[in-house]
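Below is one structure, written out as structure tokens; the observations come after it.
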Amino acid sequence: MNDPFDVMGVEARFDLDVAALEKRHRELSKALHPDRHASAPPAERRMALSRAIEVNEALRALRDPIRRAEALARRLSLPVGETTEPKPSPALLMEMMEAREELAAAGSKKDAAALAKLGDAMRRRESSVLDGLTTAFAASGHERVLPLLGELRYVRRFLDEVSALEEAALEAQS
């Protein structure tokens, strides 16, 4: 995949202005729209379509904090991917295990209030990790980037589980 920052023509930084990113996407999409290339030769139409697909994929990547962090890490030649990144700290693993145990208990009881409380706590943690990534990418040394990216992966998975259990709890109440 091409670098999403280059594809979108935006500054490579973690703390992107999402509104400005979406505005840039609209500009590029308008310029690449098939109607603008209807009378162009087939090769030019295919090129515009290919570029439009690339722009859409770049937008999806830059909207997602994990994929955005991975793109920035690649620019820094940091090893990206769960199999190549450093192992999480034992403290993080223990915290996540304990949180998952609480989540499983709340889920088995279909306790919407407990699920909401766990979700709120993890969203606060996610916000803290995102702030940490912004700082880590802005710093000259990038040794904190990969541990924070790994933590963000755990937090996001936890939040996905919370959402699934909240849906199940709502269905059980109906």
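Letters A, B, ... go to the chains of the structure tokens in the order shown; residues in each chain start at 1; ligands are counted from 1 in the same order.
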
Can you list, as a ChimeraX atom specification, every protein, DNA or RNA residue that comes within 8 Å of A:Glu151 when you count only C-alpha atoms, leaving out same-chain residues fewer than 5 positions away?
/A:88,92,129

Those same residues, written as an mmCIF file, in the first residue's frame with N, CA and C atoms?
```cif
data_model
loop_
_atom_site.group_PDB
_atom_site.id
_atom_site.type_symbol
_atom_site.label_atom_id
_atom_site.label_comp_id
_atom_site.auth_asym_id
_atom_site.auth_seq_id
_atom_site.Cartn_x
_atom_site.Cartn_y
_atom_site.Cartn_z
ATOM 1 N N PRO A 88 4.137 -6.835 24.735
ATOM 2 C CA PRO A 88 3.609 -5.900 25.736
ATOM 3 C C PRO A 88 4.202 -6.191 27.112
ATOM 4 N N LEU A 92 0.870 -4.435 31.570
ATOM 5 C CA LEU A 92 -0.246 -4.209 30.650
ATOM 6 C C LEU A 92 -1.053 -5.497 30.480
ATOM 7 N N VAL A 129 -3.972 7.059 25.704
ATOM 8 C CA VAL A 129 -3.005 6.414 24.808
ATOM 9 C C VAL A 129 -2.854 7.236 23.523
#
```

Residue contacts of stretch 35-52 of chain A (12 Å, only C-alpha atoms) excluding same-chain residues fewer than 6 positions away, as an MDAnalysis selection string:
chainID A and resid 2 4 7:8 25:29 58:59

Could you pull out the residues in chain A that DSSP calls alpha helix (DSSP H) from the backbone, as a VMD selection string?
chain A and resid 4 to 8 18 to 32 42 to 63 65 to 75 90 to 108 112 to 138 145 to 173

Between A:Ile66, A:Ala112, A:Leu78, A:Ala136, single out the one closest to A:Arg157, counting only C-alpha atoms.
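With only C-alpha atoms as the atom set, the closest residue is A:Ile66.
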
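For the residues A:Ala106, A:Val145, A:Leu152, A:Ala121, ranking by smallest atom-to-atom distance to A:Ala169 using only C-alpha atoms places A:Ala106 first.
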
Long-range neighbours of A:Glu102 as a list of chain:residue names, 12 Å cut-off, only C-alpha atoms, 4 positions minimum in chain
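The filter keeps A:Glu95, A:Met96, A:Met97, A:Glu98, A:Ala106, A:Gly107, A:Ser108, A:Lys109, A:Asp111, A:Ala114, A:Leu115, A:Ala116, A:Lys117, A:Leu118, A:Gly119, A:Phe158, A:Glu161, A:Val162.
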
Contacts of A:Arg68 within 12 Å, only C-alpha atoms, excl. fewer than 5 positions in-chain, as JSON, numbers by chain
{"A": [3, 4, 5, 11, 12, 13, 14, 15, 16, 18, 57, 58, 59, 60, 61, 62, 63, 73, 74, 75, 80, 130, 133, 134, 137, 145, 149, 152]}
